[in-house]
Amino acid sequence: MFKNVLLDLGAQMDADLIASTVEFCLRADARLTILNVFDEPPEAVSDYFSTLDLDLWTILHEHHQAQITSILPENAKTLDRTSVELRWGTDFVEAIRLVRDGGFDLLITGSIAPGGTPDNLAMNLMRKCPCPVWIHRGNLWKGAVRILAAVNTSDVSCENRALNEKILTHAARLNEILRGHLHVVTCWSGYMESVLTSPRFNKKEKTEYLEHEQIHTQRELDNLFAAAGLPDEVKDKIIHGNPAKIIPAYATEQKMDVVVMGSVARTGVPGLVVGNTVERIVSTVDSSVLVIKPNEFVSPVL
């Protein structure tokens, strides 16, 4: 886990993001590939350079290799674990193809805005990339890193339990690498809870039903902790309410640096993931976000 990392810069050259990712890979003892993707040049441009006996591809590659080499710290160069990939095409498509062909287990990309909806590259990768996607915001490696894992305990299907365990194991590994503080949050509510306000239910019946739902949530969370082998010092929180509102509020209140959550595939449409709740959370939090795909996820990118 986190042993073969792809940093997708799109067409940008982000020195801070490169430096942060290199440091993360050194801590994780991981290999790093840095990817830039550019629109293919018009034929007239290629022809012009050809008349000068110059290869535009070689010029671009050498230029970017030199830029990135100048940014890399000396220990990264010495270990020879960092390579540069340059491609022409559609940015997210080429990145996903490289993930699939290169066996990457983590893709990191930046986000132009410090908060709010990520840019198109980040959103397309979050929706369609088969491996975990980390939308990176800010510098996480200094000070005590705080990590929030958000799980959905209301769905007890085998597929969702497997996704929850995957979220927790990835969050725990990330916490280990960054030597941080891990929190786990799940939200709960009663089925058709608004119906409980009708005269059909008295106060005692309403209270007992909601207590039943909360106990069920605690039991499911305890089982997930045991399955993922989380240590006792991990903090867990069960909160009543809508996760699209609760999770961003908790992340802000507790000053979380990274939120780890899972995407949910829409039935019958392989690869077109991310559920409305996840997209709303990603667009609301200011922290970095690590999105984990279900085991059965299939990317729509060929």
# chains A, B, ... in the order shown; residues from 1 in each chain; ligands from 1

$ residues_around --residues "Phe24 of chain A" --least-positions-apart "5" --cutoff "9 Å" --atoms "only C-alpha atoms" --output "list of chain:residue names"
A:Ala19, A:Asp29, A:Ala30, A:Trp141, A:Ile177, A:Leu178

$ residues_around --residues "Ala11 of chain A" --least-positions-apart "4" --cutoff "7 Å" --atoms "only C-alpha atoms" --output "list in words"
Asn36, Val37 and Phe38 of chain A

$ write_last_selection --atoms "C-alpha atoms" --output "PDB file, in the first residue's frame"
ATOM      1  CA  ASN A  36       2.875  15.993 -17.142  1.00  0.00           C
ATOM      2  CA  VAL A  37       0.274  15.814 -19.916  1.00  0.00           C
ATOM      3  CA  PHE A  38       0.001  18.414 -22.673  1.00  0.00           C
TER       4      PHE A  38
END

$ atom_distance --atom1 "atom CA of Ala228 of chain A" --atom2 "atom CA of Leu168 of chain A"
6.4 Å

$ residues_around --residues "Ala28 of chain A" --least-positions-apart "6" --cutoff "12 Å" --atoms "only C-alpha atoms" --output "PyMOL selection string"
chain A and resi 1-5+21-22+81+106+173-179

$ residues_around --residues "Leu7 of chain A" --least-positions-apart "6" --cutoff "9 Å" --atoms "only C-alpha atoms" --output "PDB file with C-alpha atoms, in the first residue's frame"
ATOM      1  CA  LEU A  17       3.511  19.815  -4.631  1.00  0.00           C
ATOM      2  CA  ILE A  18       6.494  17.974  -6.103  1.00  0.00           C
ATOM      3  CA  THR A  21       5.071  14.333  -2.668  1.00  0.00           C
ATOM      4  CA  LEU A  32       7.415   8.070  -7.522  1.00  0.00           C
ATOM      5  CA  THR A  33       6.534   8.886 -11.112  1.00  0.00           C
ATOM      6  CA  ILE A  34       5.864  12.534 -11.979  1.00  0.00           C
ATOM      7  CA  LEU A  35       3.484  12.981 -14.903  1.00  0.00           C
ATOM      8  CA  ASN A  36       2.875  15.993 -17.142  1.00  0.00           C
ATOM      9  CA  LEU A 106      -1.913   5.874  -5.260  1.00  0.00           C
ATOM     10  CA  LEU A 107      -2.439   8.901  -7.496  1.00  0.00           C
ATOM     11  CA  ILE A 108      -1.788  12.374  -6.103  1.00  0.00           C
ATOM     12  CA  THR A 109      -2.975  15.524  -7.818  1.00  0.00           C
ATOM     13  CA  GLY A 110      -3.254  19.129  -6.753  1.00  0.00           C
TER      14      GLY A 110
END

$ residues_around --residues "Gly229 of chain A" --least-positions-apart "6" --cutoff "12 Å" --atoms "only C-alpha atoms" --output "ChimeraX atom specification"
/A:165-166,168-173,222-223

$ write_last_selection --atoms "N, CA, C and O atoms" --output "mmCIF file, in the first residue's frame"
data_model
loop_
_atom_site.group_PDB
_atom_site.id
_atom_site.type_symbol
_atom_site.label_atom_id
_atom_site.label_comp_id
_atom_site.auth_asym_id
_atom_site.auth_seq_id
_atom_site.Cartn_x
_atom_site.Cartn_y
_atom_site.Cartn_z
ATOM 1 N N GLU A 165 -13.762 -1.182 5.324
ATOM 2 C CA GLU A 165 -12.491 -1.738 5.802
ATOM 3 C C GLU A 165 -11.324 -1.183 4.994
ATOM 4 O O GLU A 165 -10.251 -0.896 5.543
ATOM 5 N N LYS A 166 -11.538 -1.030 3.694
ATOM 6 C CA LYS A 166 -10.501 -0.482 2.823
ATOM 7 C C LYS A 166 -10.195 0.973 3.203
ATOM 8 O O LYS A 166 -9.031 1.387 3.231
ATOM 9 N N LEU A 168 -10.543 2.313 6.162
ATOM 10 C CA LEU A 168 -9.852 2.339 7.453
ATOM 11 C C LEU A 168 -8.406 1.863 7.341
ATOM 12 O O LEU A 168 -7.510 2.432 7.974
ATOM 13 N N THR A 169 -8.143 0.828 6.546
ATOM 14 C CA THR A 169 -6.766 0.344 6.411
ATOM 15 C C THR A 169 -5.894 1.378 5.686
ATOM 16 O O THR A 169 -4.725 1.574 6.047
ATOM 17 N N HIS A 170 -6.458 2.050 4.670
ATOM 18 C CA HIS A 170 -5.694 3.096 3.983
ATOM 19 C C HIS A 170 -5.457 4.295 4.911
ATOM 20 O O HIS A 170 -4.359 4.866 4.923
ATOM 21 N N ALA A 171 -6.473 4.665 5.677
ATOM 22 C CA ALA A 171 -6.311 5.785 6.607
ATOM 23 C C ALA A 171 -5.277 5.454 7.682
ATOM 24 O O ALA A 171 -4.463 6.311 8.056
ATOM 25 N N ALA A 172 -5.304 4.221 8.176
ATOM 26 C CA ALA A 172 -4.343 3.812 9.200
ATOM 27 C C ALA A 172 -2.923 3.813 8.660
ATOM 28 O O ALA A 172 -1.979 4.237 9.339
ATOM 29 N N ARG A 173 -2.745 3.348 7.414
ATOM 30 C CA ARG A 173 -1.410 3.357 6.807
ATOM 31 C C ARG A 173 -0.935 4.788 6.569
ATOM 32 O O ARG A 173 0.238 5.109 6.832
ATOM 33 N N ASP A 222 -17.748 -0.907 15.756
ATOM 34 C CA ASP A 222 -16.854 -1.764 16.542
ATOM 35 C C ASP A 222 -16.349 -2.928 15.698
ATOM 36 O O ASP A 222 -15.160 -3.301 15.758
ATOM 37 N N ASN A 223 -17.237 -3.514 14.904
ATOM 38 C CA ASN A 223 -16.840 -4.638 14.049
ATOM 39 C C ASN A 223 -15.822 -4.191 12.995
ATOM 40 O O ASN A 223 -14.879 -4.925 12.674
#

$ residues_around --residues "Gln65 of chain A" --least-positions-apart "4" --cutoff "7 Å" --atoms "only C-alpha atoms" --output "PyMOL selection string"
chain A and resi 61+69+84

$ write_last_selection --atoms "N, CA and C atoms" --output "PDB file, in the first residue's frame"
ATOM      1  N   HIS A  61      10.502  17.156 -23.377  1.00  0.00           N
ATOM      2  CA  HIS A  61      10.871  16.173 -22.368  1.00  0.00           C
ATOM      3  C   HIS A  61      12.140  16.597 -21.639  1.00  0.00           C
ATOM      4  N   THR A  69      14.233  17.901 -12.072  1.00  0.00           N
ATOM      5  CA  THR A  69      15.499  17.541 -11.424  1.00  0.00           C
ATOM      6  C   THR A  69      16.003  18.674 -10.544  1.00  0.00           C
ATOM      7  N   VAL A  84      10.310  10.598 -14.483  1.00  0.00           N
ATOM      8  CA  VAL A  84       9.467  11.619 -15.103  1.00  0.00           C
ATOM      9  C   VAL A  84       8.807  11.033 -16.339  1.00  0.00           C
TER      10      VAL A  84
END

$ select_by_dssp --residues "segment 13-204 of chain A" --states "helix (DSSP H, G or I)" --output "NGL selection string"
:A and (15-28 or 43-51 or 56-71 or 74-79 or 91-102 or 120-128 or 158-178 or 193-197 or 203-204)

$ residues_around --residues "Ile239 of chain A" --least-positions-apart "3" --cutoff "8 Å" --atoms "only C-alpha atoms" --output "mmCIF file with C-alpha atoms, in the first residue's frame"
data_model
loop_
_atom_site.group_PDB
_atom_site.id
_atom_site.type_symbol
_atom_site.label_atom_id
_atom_site.label_comp_id
_atom_site.auth_asym_id
_atom_site.auth_seq_id
_atom_site.Cartn_x
_atom_site.Cartn_y
_atom_site.Cartn_z
ATOM 1 C CA VAL A 185 -16.454 9.300 12.065
ATOM 2 C CA THR A 186 -19.734 7.732 11.023
ATOM 3 C CA CYS A 187 -23.147 9.365 10.805
ATOM 4 C CA TRP A 188 -26.497 7.792 11.522
ATOM 5 C CA ILE A 246 -21.628 16.622 9.521
#

$ select_by_dssp --residues "segment 122-209 of chain A" --states "strand (DSSP E)" --output "PyMOL selection string"
chain A and resi 133-136+146-151+181-188

$ closest_residue --among "A:Thr207, A:Asn160, A:Asn202, A:Asn75" --to "Glu220 of chain A" --atoms "only C-alpha atoms"
A:Asn160

$ atom_distance --atom1 "atom CA of Thr277 of chain A" --atom2 "atom CA of Ala244 of chain A"
5.4 Å

$ closest_residue --among "A:Met126, A:Met13, A:Asp91, A:His181" --to "Leu290 of chain A" --atoms "only C-alpha atoms"
A:Met126

$ closest_residue --among "A:Thr252, A:Ser263, A:Ser299, A:Asn242" --to "Ala95 of chain A" --atoms "only C-alpha atoms"
A:Ser299
